[in-house]
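Undergrad: Structure file work.txt, compact mmCIF, C-alpha atoms, is pasted below:
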# COMPACT_ATOMS: atom_id res chain seq x y z
CA MET A 521 0.00 0.00 0.00
CA ASN A 522 1.50 3.32 -1.12
CA LEU A 523 0.26 6.90 -0.88
CA LYS A 524 -1.37 6.80 -4.31
CA GLN A 525 -3.30 3.62 -3.49
CA LEU A 526 -4.39 4.98 -0.11
CA SER A 527 -5.58 8.20 -1.78
CA GLU A 528 -7.57 6.25 -4.37
CA TYR A 529 -9.13 4.09 -1.66
CA LEU A 530 -10.27 7.24 0.19
CA ASN A 531 -11.20 9.10 -3.00
CA LEU A 532 -9.04 12.01 -1.87
CA SER A 533 -6.09 13.78 -3.45
CA GLN A 534 -2.59 12.63 -2.52
CA THR A 535 -1.90 16.13 -1.20
CA THR A 536 -4.87 15.98 1.20
CA VAL A 537 -3.94 12.51 2.44
CA SER A 538 -0.30 13.50 2.91
CA ARG A 539 -1.25 16.63 4.84
CA ALA A 540 -3.67 14.68 7.03
CA LEU A 541 -0.99 12.11 7.87
CA ASN A 542 1.50 14.84 8.69
CA GLY A 543 -0.83 16.76 11.00
CA TYR A 544 -1.27 19.93 8.97
CA PRO A 545 -3.82 22.13 10.80
CA GLU A 546 -5.73 23.16 7.66
CA VAL A 547 -7.03 19.61 7.15
CA ASN A 548 -10.58 19.10 8.43
CA GLU A 549 -10.61 17.05 11.64
CA ASN A 550 -13.14 14.53 10.27
CA THR A 551 -11.03 14.07 7.15
CA ARG A 552 -7.86 13.63 9.22
CA ASN A 553 -9.51 11.01 11.43
CA ARG A 554 -10.82 9.18 8.38
CA VAL A 555 -7.37 9.14 6.79
CA LEU A 556 -5.64 7.98 9.97
CA LYS A 557 -8.15 5.18 10.50
CA ALA A 558 -7.78 3.97 6.91
CA ALA A 559 -3.99 4.08 7.18
CA GLN A 560 -4.13 1.98 10.33
CA ASP A 561 -6.70 -0.49 8.96
CA LEU A 562 -4.76 -0.95 5.73
CA ASN A 563 -1.37 -1.09 7.50
CA TYR A 564 -0.09 1.86 5.47
CA ARG A 565 3.52 2.83 6.19
CA PRO A 566 4.92 5.96 4.54
CA ASN A 567 8.25 5.86 2.73
CA THR A 568 10.35 7.72 5.29
CA ARG A 569 12.92 8.93 2.79
CA ALA A 570 10.29 10.21 0.35
CA LYS A 571 8.32 11.77 3.18
CA GLY A 572 11.43 13.57 4.39
CA LEU A 573 12.14 14.96 0.95
CA ALA A 574 8.54 16.12 0.61
CA THR A 575 8.37 17.81 4.01
CA GLY A 576 11.96 19.04 4.26
CA ARG A 577 12.34 17.23 7.55
CA ALA A 578 14.78 14.60 8.78
CA LEU A 579 11.98 12.63 10.48
CA ALA A 580 14.28 11.83 13.38
CA ILE A 581 14.59 12.98 17.01
CA GLY A 582 17.96 13.22 18.73
CA HIS A 583 19.11 12.23 22.21
CA VAL A 584 22.67 13.33 23.08
CA ILE A 585 24.39 11.32 25.83
CA PRO A 586 27.69 12.60 27.31
CA VAL A 587 30.31 9.87 27.86
CA SER A 588 30.32 10.43 31.63
CA ASN A 589 26.62 9.51 31.62
CA GLN A 590 27.01 6.24 29.71
CA HIS A 591 25.50 4.50 32.71
CA GLU A 592 22.21 6.18 31.78
CA MET A 593 21.93 3.94 28.73
CA VAL A 594 21.63 0.85 30.95
CA ASN A 595 19.79 2.61 33.77
CA PRO A 596 16.19 1.32 33.88
CA VAL A 597 14.91 4.91 34.29
CA PHE A 598 16.55 6.02 31.03
CA GLY A 599 15.42 2.83 29.32
CA ASP A 600 11.77 3.33 30.27
CA PHE A 601 11.83 6.99 29.20
CA ILE A 602 13.28 6.02 25.82
CA ALA A 603 10.68 3.26 25.44
CA GLY A 604 7.84 5.72 26.04
CA ALA A 605 9.34 8.29 23.68
CA GLY A 606 10.07 5.66 21.03
CA GLU A 607 6.43 4.57 20.93
CA ALA A 608 5.37 8.15 20.20
CA TYR A 609 8.04 8.55 17.50
CA ALA A 610 6.97 5.32 15.81
CA ARG A 611 3.33 6.41 15.68
CA ALA A 612 4.40 9.66 14.00
CA GLY A 613 6.78 7.95 11.54
CA TYR A 614 9.92 9.30 13.23
CA ASP A 615 13.19 7.54 13.98
CA MET A 616 15.34 8.01 17.08
CA MET A 617 19.03 8.94 16.95
CA LEU A 618 21.25 8.41 19.99
CA THR A 619 24.56 10.29 19.96
CA LEU A 620 27.31 9.45 22.46
CA VAL A 621 29.86 12.26 22.85
CA PRO A 622 32.76 13.21 25.15
CA ASP A 623 31.59 15.71 27.79
CA GLN A 624 33.79 18.51 26.46
CA GLU A 625 32.32 18.10 22.96
CA GLU A 626 28.65 18.19 23.91
CA VAL A 627 28.15 21.80 22.79
CA ARG A 628 29.82 21.06 19.46
CA ALA A 629 27.64 17.97 19.06
CA TYR A 630 24.46 20.05 19.19
CA GLN A 631 25.92 22.56 16.73
CA ASP A 632 26.95 19.76 14.34
CA ILE A 633 23.52 18.13 14.57
CA LYS A 634 21.87 21.41 13.69
CA ALA A 635 24.29 22.08 10.81
CA ARG A 636 23.88 18.60 9.30
CA GLY A 637 20.10 18.63 9.70
CA THR A 638 20.11 15.02 10.87
CA VAL A 639 17.28 15.53 13.37
CA ASP A 640 14.23 17.77 13.63
CA GLY A 641 14.42 18.17 17.39
CA ILE A 642 16.19 17.17 20.59
CA ILE A 643 15.16 15.77 23.98
CA VAL A 644 17.46 17.22 26.66
CA HIS A 645 18.20 14.77 29.48
CA GLY A 646 19.46 15.36 33.02
CA PRO A 647 19.25 19.15 33.35
CA VAL A 648 21.47 20.73 35.99
CA ILE A 649 20.51 23.74 38.11
CA ASN A 650 21.95 26.24 35.59
CA ASP A 651 21.95 24.31 32.32
CA GLU A 652 23.83 26.03 29.48
CA ARG A 653 22.36 23.72 26.84
CA ILE A 654 19.03 25.55 26.98
CA ALA A 655 20.46 28.90 25.86
CA LEU A 656 22.56 27.13 23.20
CA LEU A 657 19.59 25.30 21.66
CA LEU A 658 17.48 28.47 21.68
CA ARG A 659 20.32 30.35 19.99
CA ILE A 660 20.87 27.84 17.19
CA GLY A 661 17.15 27.36 16.65
CA LEU A 662 16.88 23.61 17.18
CA PRO A 663 13.47 22.60 18.64
CA PHE A 664 13.81 20.84 21.98
CA VAL A 665 12.01 19.68 25.11
CA VAL A 666 13.77 19.30 28.46
CA HIS A 667 12.98 16.24 30.57
CA GLY A 668 13.09 18.17 33.83
CA ARG A 669 13.76 21.84 34.52
CA SER A 670 16.69 24.14 35.22
CA THR A 671 16.02 26.31 38.27
CA ASP A 672 18.42 29.14 37.46
CA VAL A 673 17.51 29.45 33.76
CA ASN A 674 14.97 32.24 33.24
CA LEU A 675 14.61 31.86 29.47
CA PRO A 676 11.35 30.56 27.97
CA TYR A 677 11.71 26.89 26.98
CA SER A 678 9.62 23.74 26.76
CA TRP A 679 9.81 21.14 29.50
CA ILE A 680 8.03 18.26 31.19
CA ASP A 681 8.82 17.44 34.80
CA VAL A 682 7.46 15.73 37.88
CA ASN A 683 6.74 17.94 40.91
CA ASN A 684 9.84 16.78 42.79
CA ARG A 685 9.68 19.41 45.51
CA GLY A 686 6.00 18.78 46.22
CA ALA A 687 6.44 15.01 46.16
CA PHE A 688 9.31 14.94 48.67
CA GLU A 689 7.60 17.44 50.92
CA ARG A 690 4.53 15.21 50.96
CA GLY A 691 6.54 12.03 51.51
CA THR A 692 8.53 13.52 54.39
CA GLN A 693 5.36 14.93 55.94
CA PHE A 694 3.81 11.45 55.79
CA LEU A 695 6.69 10.08 57.85
CA ILE A 696 6.43 12.96 60.33
CA GLU A 697 2.73 12.21 60.77
CA LEU A 698 3.73 8.63 61.64
CA GLY A 699 5.81 10.06 64.51
CA HIS A 700 9.26 9.96 62.90
CA ARG A 701 11.66 12.73 63.87
CA ARG A 702 15.06 11.43 62.71
CA ILE A 703 14.45 11.12 58.98
CA ALA A 704 17.37 10.58 56.60
CA LEU A 705 17.47 11.73 52.98
CA LEU A 706 19.37 9.62 50.44
CA ASN A 707 19.27 11.91 47.43
CA GLY A 708 20.70 11.88 43.93
CA LEU A 709 23.56 14.14 42.84
CA GLU A 710 22.43 17.60 43.90
CA HIS A 711 23.91 19.55 41.00
CA MET A 712 21.10 17.84 39.09
CA ASP A 713 17.95 19.93 39.19
CA PHE A 714 15.58 17.12 40.20
CA ALA A 715 17.70 16.29 43.27
CA PHE A 716 18.01 19.95 44.25
CA ARG A 717 14.22 20.26 44.20
CA ARG A 718 13.75 17.03 46.17
CA ARG A 719 16.06 18.25 48.94
CA LYS A 720 14.10 21.52 49.13
CA GLY A 721 10.85 19.58 49.53
CA TYR A 722 12.36 17.40 52.28
CA GLU A 723 13.72 20.44 54.13
CA ASN A 724 10.43 22.34 53.79
CA ALA A 725 8.50 19.50 55.42
CA LEU A 726 10.92 19.38 58.36
CA ARG A 727 10.85 23.14 58.90
CA ASN A 728 7.05 23.25 58.64
CA HIS A 729 6.97 20.92 61.65
CA GLY A 730 9.55 22.81 63.69
CA MET A 731 12.52 20.60 62.85
CA SER A 732 15.88 21.69 61.48
CA PRO A 733 17.49 19.63 58.70
CA ASP A 734 20.47 17.67 60.01
CA PRO A 735 23.38 17.49 57.51
CA ALA A 736 24.47 14.24 59.16
CA LEU A 737 21.25 12.64 57.92
CA MET A 738 21.59 13.82 54.32
CA ARG A 739 23.51 12.14 51.51
CA SER A 740 23.91 13.00 47.83
CA GLU A 741 25.40 10.46 45.42
CA GLU A 742 24.66 8.53 42.26
CA MET A 743 21.55 6.49 42.96
CA THR A 744 22.79 2.90 43.16
CA GLU A 745 21.92 -0.04 45.41
CA VAL A 746 25.40 -0.01 46.94
CA TYR A 747 25.07 3.70 47.80
CA GLY A 748 21.81 3.02 49.64
CA TYR A 749 23.28 0.04 51.49
CA ARG A 750 26.48 1.78 52.62
CA ALA A 751 24.79 5.03 53.67
CA ALA A 752 22.08 3.24 55.63
CA LYS A 753 24.54 0.82 57.25
CA GLU A 754 26.68 3.72 58.51
CA MET A 755 23.69 5.71 59.80
CA LEU A 756 22.01 2.74 61.49
CA ALA A 757 25.21 2.00 63.44
CA ARG A 758 25.10 5.40 65.19
CA ASP A 759 24.04 5.99 68.79
CA LEU A 760 21.06 7.98 67.46
CA PRO A 761 20.17 6.29 64.19
CA PRO A 762 17.41 7.49 61.85
CA THR A 763 14.05 5.78 62.19
CA ALA A 764 13.09 6.51 58.59
CA PHE A 765 14.66 7.06 55.17
CA VAL A 766 13.46 9.06 52.18
CA CYS A 767 15.12 7.73 49.01
CA SER A 768 15.36 9.33 45.58
CA SER A 769 15.27 5.98 43.76
CA ILE A 770 13.77 2.56 44.30
CA ILE A 771 17.23 1.18 43.43
CA THR A 772 18.71 3.05 46.40
CA ALA A 773 15.79 1.94 48.60
CA ILE A 774 16.62 -1.70 47.85
CA GLY A 775 20.10 -1.06 49.26
CA VAL A 776 18.64 0.54 52.38
CA ARG A 777 16.38 -2.47 52.90
CA ARG A 778 19.45 -4.74 52.71
CA ALA A 779 21.17 -2.71 55.43
CA VAL A 780 18.05 -2.78 57.61
CA HIS A 781 17.79 -6.57 57.40
CA GLU A 782 21.52 -7.02 57.97
CA ALA A 783 21.26 -4.96 61.17
CA GLY A 784 18.62 -7.37 62.47
CA LEU A 785 15.87 -4.76 62.22
CA VAL A 786 12.36 -5.19 60.88
CA LEU A 787 11.15 -3.00 58.03
CA ALA A 788 8.17 -0.79 58.94
CA ARG A 789 8.43 -1.78 62.63
CA ASP A 790 11.95 -0.53 63.43
CA VAL A 791 12.79 1.48 60.31
CA SER A 792 10.54 2.98 57.65
CA ILE A 793 11.44 3.66 54.01
CA ILE A 794 9.66 5.83 51.48
CA THR A 795 11.04 6.14 47.97
CA HIS A 796 10.47 7.80 44.65
CA ASP A 797 9.20 5.17 42.23
CA ASP A 798 9.38 5.63 38.45
CA ALA A 799 6.98 2.68 37.92
CA LEU A 800 9.71 0.87 35.99
CA SER A 801 8.76 -1.91 33.58
CA TYR A 802 11.57 -4.25 34.68
CA LEU A 803 11.84 -3.29 38.34
CA GLU A 804 8.34 -3.27 39.72
CA ASN A 805 7.53 -2.31 43.29
CA GLY A 806 5.89 -5.59 44.28
CA ASP A 807 2.58 -7.04 43.12
CA ASP A 808 -0.84 -6.31 44.64
CA VAL A 809 0.64 -4.68 47.76
CA PRO A 810 3.74 -2.55 47.03
CA ILE A 811 6.97 -3.46 48.80
CA PHE A 812 7.83 0.20 49.36
CA THR A 813 5.64 3.13 50.27
CA ALA A 814 6.35 5.27 47.25
CA LEU A 815 5.96 8.56 45.44
CA ARG A 816 4.98 7.11 42.08
CA SER A 817 5.31 8.78 38.69
CA SER A 818 5.73 6.78 35.49
CA VAL A 819 8.88 7.76 33.60
CA ARG A 820 7.65 5.79 30.57
CA TYR A 821 4.56 7.99 30.47
CA ALA A 822 6.77 11.09 30.80
CA GLY A 823 8.85 9.88 27.84
CA GLY A 824 5.77 9.56 25.68
CA GLU A 825 4.44 12.96 26.71
CA ALA A 826 7.82 14.65 26.12
CA ALA A 827 7.98 13.12 22.64
CA GLU A 828 4.44 14.23 21.78
CA MET A 829 5.24 17.74 23.02
CA LEU A 830 8.36 17.93 20.85
CA LEU A 831 6.57 16.58 17.78
CA SER A 832 3.87 19.23 18.19
CA LEU A 833 6.53 21.97 18.40
CA ILE A 834 8.18 20.65 15.24
CA ALA A 835 4.81 20.70 13.45
CA SER A 836 4.08 24.26 14.70
CA PRO A 837 7.50 25.95 15.02
CA LYS A 838 6.03 29.36 15.91
CA HIS A 839 4.10 27.97 18.87
CA ALA A 840 5.01 29.35 22.29
CA PRO A 841 7.06 27.08 24.58
CA LYS A 842 5.04 24.40 26.32
CA SER A 843 5.37 22.98 29.82
CA ARG A 844 3.76 20.26 31.87
CA LEU A 845 4.13 19.45 35.56
CA LEU A 846 3.27 15.88 36.54
CA GLU A 847 2.23 15.03 40.10
CA ALA A 848 3.55 11.97 41.92
CA GLU A 849 1.03 9.72 43.65
CA LEU A 850 1.63 8.58 47.23
CA ILE A 851 1.28 4.78 47.29
CA ILE A 852 1.18 3.09 50.70
CA GLY A 853 3.26 -0.08 50.83
CA ARG A 854 4.78 -2.43 53.38
CA SER A 855 7.85 -0.32 54.22
CA THR A 856 6.38 2.32 56.53
CA GLY A 857 4.88 2.27 59.99
CA PRO A 858 4.66 4.34 63.19
CA ALA A 859 7.94 5.38 64.77
CA SER A 860 9.03 2.94 67.46
CA THR A 861 8.85 4.34 70.97
Please, can you express the file's structure as structure tokens?
TA:
Amino acid sequence: MNLKQLSEYLNLSQTTVSRALNGYPEVNENTRNRVLKAAQDLNYRPNTRAKGLATGRALAIGHVIPVSNQHEMVNPVFGDFIAGAGEAYARAGYDMMLTLVPDQEEVRAYQDIKARGTVDGIIVHGPVINDERIALLLRIGLPFVVHGRSTDVNLPYSWIDVNNRGAFERGTQFLIELGHRRIALLNGLEHMDFAFRRRKGYENALRNHGMSPDPALMRSEEMTEVYGYRAAKEMLARDLPPTAFVCSSIITAIGVRRAVHEAGLVLARDVSIITHDDALSYLENGDDVPIFTALRSSVRYAGGEAAEMLLSLIASPKHAPKSRLLEAELIIGRSTGPAST
């Protein structure tokens, strides 16, 4: 099935069918829906190369990964985000291009991508508090969406993010309401914007209940199982150990649970854990009853929404920047209970 055959089947011109498939706004909504349904029913797949020549687009979206962040490519969070984004690209007839570059060449990589015209837009991963990539991409005119935000950047740009500050304030408050007073934070690297916001939420909850944040109960590292285990083991061995942990990743929380069990303590009775949960496809938080009480927000869903946002900006390049703030859901699991007296 080619474009000509699809057009003849619908009794429409090839131009109308092509514009409907490519989301042109001047096509009547009923006509567009009719074309899309026929294309799906007849398993129509456009010739990507011909479509690119006709539209002047590369029909590809770029993801630039610095070498120091190679671990992201095997991190289940990155994998789920890419899976969600990839589904959206496939529906729109777009390919995905991953570019691995040395850290010091990241700026040049974006400039080269723009000059070569190999992609129509970029998803920016892992924004830091003052991310220079945003100003660069605005300057060179390459459409982009940031997965996250950059607190100190005041320029208008498109982003999708979870409400990290609100989620960690709510999670910490939940533990306080259970009677916990010595609450540890095992955060991600705090030059990353998401981790900076999570610490602010944690600190806000403590201060709102008359408690001062204790630096001895706060850690900031790459979110691995070993990090969670070592930090929790050291803290639990103190004369005044924490009775609860707030973790920035379910992977870190698994390490904390290992330390709790090794210390001969019982989860939820002696020590409580609450964690951020990205609802990962290959690392689920239990079955019917979650293992961990969690602040849940699907990163796969965020990937799909970020991709759809970017595709809409590519289709309407003069559109104002878009933004979307996702809320995390508090899920009660088997890892939290009242503070022991």
Undergrad: Give me the stretch 726-807 of chain A side of the contact with stretch 708-722 of chain A, cut-off 10 Å, one line per residue showing its nearest atom pair and distance in Å at one decimal, counting all atoms listed in the file, sorted by chain and residue number, as JSON lines.
TA:
{"residue": "A:Leu726", "atom": "CA", "partner": "A:Tyr722", "partner_atom": "CA", "distance": 6.6}
{"residue": "A:Arg727", "atom": "CA", "partner": "A:Tyr722", "partner_atom": "CA", "distance": 8.9}
{"residue": "A:Pro733", "atom": "CA", "partner": "A:Tyr722", "partner_atom": "CA", "distance": 8.5}
{"residue": "A:Met738", "atom": "CA", "partner": "A:Arg719", "partner_atom": "CA", "distance": 8.9}
{"residue": "A:Arg739", "atom": "CA", "partner": "A:Gly708", "partner_atom": "CA", "distance": 8.1}
{"residue": "A:Ser740", "atom": "CA", "partner": "A:Leu709", "partner_atom": "CA", "distance": 5.1}
{"residue": "A:Glu741", "atom": "CA", "partner": "A:Leu709", "partner_atom": "CA", "distance": 4.9}
{"residue": "A:Glu742", "atom": "CA", "partner": "A:Gly708", "partner_atom": "CA", "distance": 5.4}
{"residue": "A:Met743", "atom": "CA", "partner": "A:Gly708", "partner_atom": "CA", "distance": 5.5}
{"residue": "A:Thr744", "atom": "CA", "partner": "A:Gly708", "partner_atom": "CA", "distance": 9.3}
{"residue": "A:Val766", "atom": "CA", "partner": "A:Tyr722", "partner_atom": "CA", "distance": 8.4}
{"residue": "A:Cys767", "atom": "CA", "partner": "A:Gly708", "partner_atom": "CA", "distance": 8.6}
{"residue": "A:Ser768", "atom": "CA", "partner": "A:Gly708", "partner_atom": "CA", "distance": 6.1}
{"residue": "A:Ser769", "atom": "CA", "partner": "A:Gly708", "partner_atom": "CA", "distance": 8.0}
{"residue": "A:Thr772", "atom": "CA", "partner": "A:Gly708", "partner_atom": "CA", "distance": 9.4}
{"residue": "A:His796", "atom": "CA", "partner": "A:Arg718", "partner_atom": "CA", "distance": 9.9}
Undergrad: Given the choices A:His839, A:Ile602, A:Val648, A:Pro545, which gets closest to A:Met617 if the distance is worked out from all atoms listed in the file?
TA: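 The shortest atom-to-atom distance to A:Met617 comes from A:Ile602.
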Undergrad: Nearest to A:Ala540: which of A:Val621, A:Ala612, A:Ala580, A:Leu656 is it, counting all atoms listed in the file?
TA: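 Ranked by minimum distance to A:Ala540, first place goes to A:Ala612.
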Undergrad: Using only C-alpha atoms, which residue out of A:Leu815, A:Ala559, A:Val665, A:Val746 lies closest to A:Gly646?
TA: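 Closest residue, counting only C-alpha atoms: A:Val665.
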Undergrad: Please identify all polymer residues within 12 Å of A:Ala603, counting all atoms listed in the file, omitting same-chain residues fewer than 4 positions from it, and present them as an NGL selection string.
TA: :A and (593 or 596-599 or 607-610 or 616 or 800-802 or 818-827)
Undergrad: Output C-alpha atoms for every residue in the selection just made, as a PDB file, in the coordinates of the input.
TA:
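selection15.pdb, written as the output of this step:
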ATOM      1  CA  MET A 593      21.930   3.940  28.730  1.00  0.00           C
ATOM      2  CA  PRO A 596      16.190   1.320  33.880  1.00  0.00           C
ATOM      3  CA  VAL A 597      14.910   4.910  34.290  1.00  0.00           C
ATOM      4  CA  PHE A 598      16.550   6.020  31.030  1.00  0.00           C
ATOM      5  CA  GLY A 599      15.420   2.830  29.320  1.00  0.00           C
ATOM      6  CA  GLU A 607       6.430   4.570  20.930  1.00  0.00           C
ATOM      7  CA  ALA A 608       5.370   8.150  20.200  1.00  0.00           C
ATOM      8  CA  TYR A 609       8.040   8.550  17.500  1.00  0.00           C
ATOM      9  CA  ALA A 610       6.970   5.320  15.810  1.00  0.00           C
ATOM     10  CA  MET A 616      15.340   8.010  17.080  1.00  0.00           C
ATOM     11  CA  LEU A 800       9.710   0.870  35.990  1.00  0.00           C
ATOM     12  CA  SER A 801       8.760  -1.910  33.580  1.00  0.00           C
ATOM     13  CA  TYR A 802      11.570  -4.250  34.680  1.00  0.00           C
ATOM     14  CA  SER A 818       5.730   6.780  35.490  1.00  0.00           C
ATOM     15  CA  VAL A 819       8.880   7.760  33.600  1.00  0.00           C
ATOM     16  CA  ARG A 820       7.650   5.790  30.570  1.00  0.00           C
ATOM     17  CA  TYR A 821       4.560   7.990  30.470  1.00  0.00           C
ATOM     18  CA  ALA A 822       6.770  11.090  30.800  1.00  0.00           C
ATOM     19  CA  GLY A 823       8.850   9.880  27.840  1.00  0.00           C
ATOM     20  CA  GLY A 824       5.770   9.560  25.680  1.00  0.00           C
ATOM     21  CA  GLU A 825       4.440  12.960  26.710  1.00  0.00           C
ATOM     22  CA  ALA A 826       7.820  14.650  26.120  1.00  0.00           C
ATOM     23  CA  ALA A 827       7.980  13.120  22.640  1.00  0.00           C
TER      24      ALA A 827
END
Undergrad: Return the single residue from A:Met755, A:Ile852, A:Leu706, A:Leu830 that is closest to A:Ile581, with distances computed using only C-alpha atoms.
TA: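 Checking each candidate against A:Ile581, we get A:Leu830 as the closest.
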Undergrad: Just how far from atom CA of A:Gln631 is atom CA of A:Leu845, in Å to one decimal?
TA: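 If I compute the distance from atom CA of A:Leu845 to atom CA of A:Gln631, I get 29.0 Å.
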Undergrad: Do you have the atom CA of A:Arg636-atom CA of A:Val666 distance handy?
TA: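 Going from atom CA of A:Arg636 over to atom CA of A:Val666, I get 21.7 Å.
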Undergrad: Considering all atoms listed in the file, can you say which of A:Tyr747, A:His700, A:Asn522, A:Pro841 comes closest to A:Met731?
TA: A:His700
Undergrad: Using only C-alpha atoms, pick whichever of A:Ala629, A:Leu530, A:Ala725, A:Leu756 has the shortest atom-to-atom distance to A:Ala687.
TA: A:Ala725
Undergrad: If I take atom CA of A:Glu804 and atom CA of A:Ala764, how far is one from the other in Å, to one decimal?
TA: 21.8 Å
Undergrad: Considering all atoms listed in the file, return as a list in words whatever protein or nucleic-acid residues lie within 10 Å of A:Asp790, sequence-local ones (same chain, fewer than 2 positions apart) excluded.
TA: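 These residues fall inside the cut-off: Pro762, Thr763, Ala764, Val780, Gly784, Leu785, Val786, Leu787, Ala788, Ser792, Thr856, Gly857, Pro858, Ala859, Ser860 and Thr861 of chain A.
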Undergrad: Write out as an MDAnalysis selection string the residues lying within 10 Å of A:Asp734, counting all atoms listed in the file and excluding same-chain residues fewer than 6 positions away.
TA: chainID A and resid 702:705 723 726
Undergrad: Give as a list in words each residue that has an atom at most 10 Å from (12.1, 23.8, 26.1) in the file, counting all atoms listed in the file.
TA: Ile642, Ile643, Val644, Ile654, Ala655, Leu657, Leu658, Pro663, Phe664, Val665, Val666, His667, Gly668, Arg669, Leu675, Pro676, Tyr677, Ser678, Trp679, Ile680, Met829, Leu830, Leu833, Ala840, Pro841, Lys842 and Ser843 of chain A
Undergrad: For the selection you just gave me, I'd like the residues written to a file as a compact mmCIF listing (two decimals), keeping the file's coordinate frame, keeping C-alpha atoms.
TA:
# COMPACT_ATOMS: atom_id res chain seq x y z
CA ILE A 642 16.19 17.17 20.59
CA ILE A 643 15.16 15.77 23.98
CA VAL A 644 17.46 17.22 26.66
CA ILE A 654 19.03 25.55 26.98
CA ALA A 655 20.46 28.90 25.86
CA LEU A 657 19.59 25.30 21.66
CA LEU A 658 17.48 28.47 21.68
CA PRO A 663 13.47 22.60 18.64
CA PHE A 664 13.81 20.84 21.98
CA VAL A 665 12.01 19.68 25.11
CA VAL A 666 13.77 19.30 28.46
CA HIS A 667 12.98 16.24 30.57
CA GLY A 668 13.09 18.17 33.83
CA ARG A 669 13.76 21.84 34.52
CA LEU A 675 14.61 31.86 29.47
CA PRO A 676 11.35 30.56 27.97
CA TYR A 677 11.71 26.89 26.98
CA SER A 678 9.62 23.74 26.76
CA TRP A 679 9.81 21.14 29.50
CA ILE A 680 8.03 18.26 31.19
CA MET A 829 5.24 17.74 23.02
CA LEU A 830 8.36 17.93 20.85
CA LEU A 833 6.53 21.97 18.40
CA ALA A 840 5.01 29.35 22.29
CA PRO A 841 7.06 27.08 24.58
CA LYS A 842 5.04 24.40 26.32
CA SER A 843 5.37 22.98 29.82
Undergrad: Please provide the set of residues having any atom within 8 Å of A:Leu846, restricted to all atoms listed in the file, with same-chain residues fewer than 6 positions apart removed, written as a list in words.
TA: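 With the cut-off at 8 Å, the set is Ile680, Asp681, Val682, Asn683 and Ser817 of chain A.
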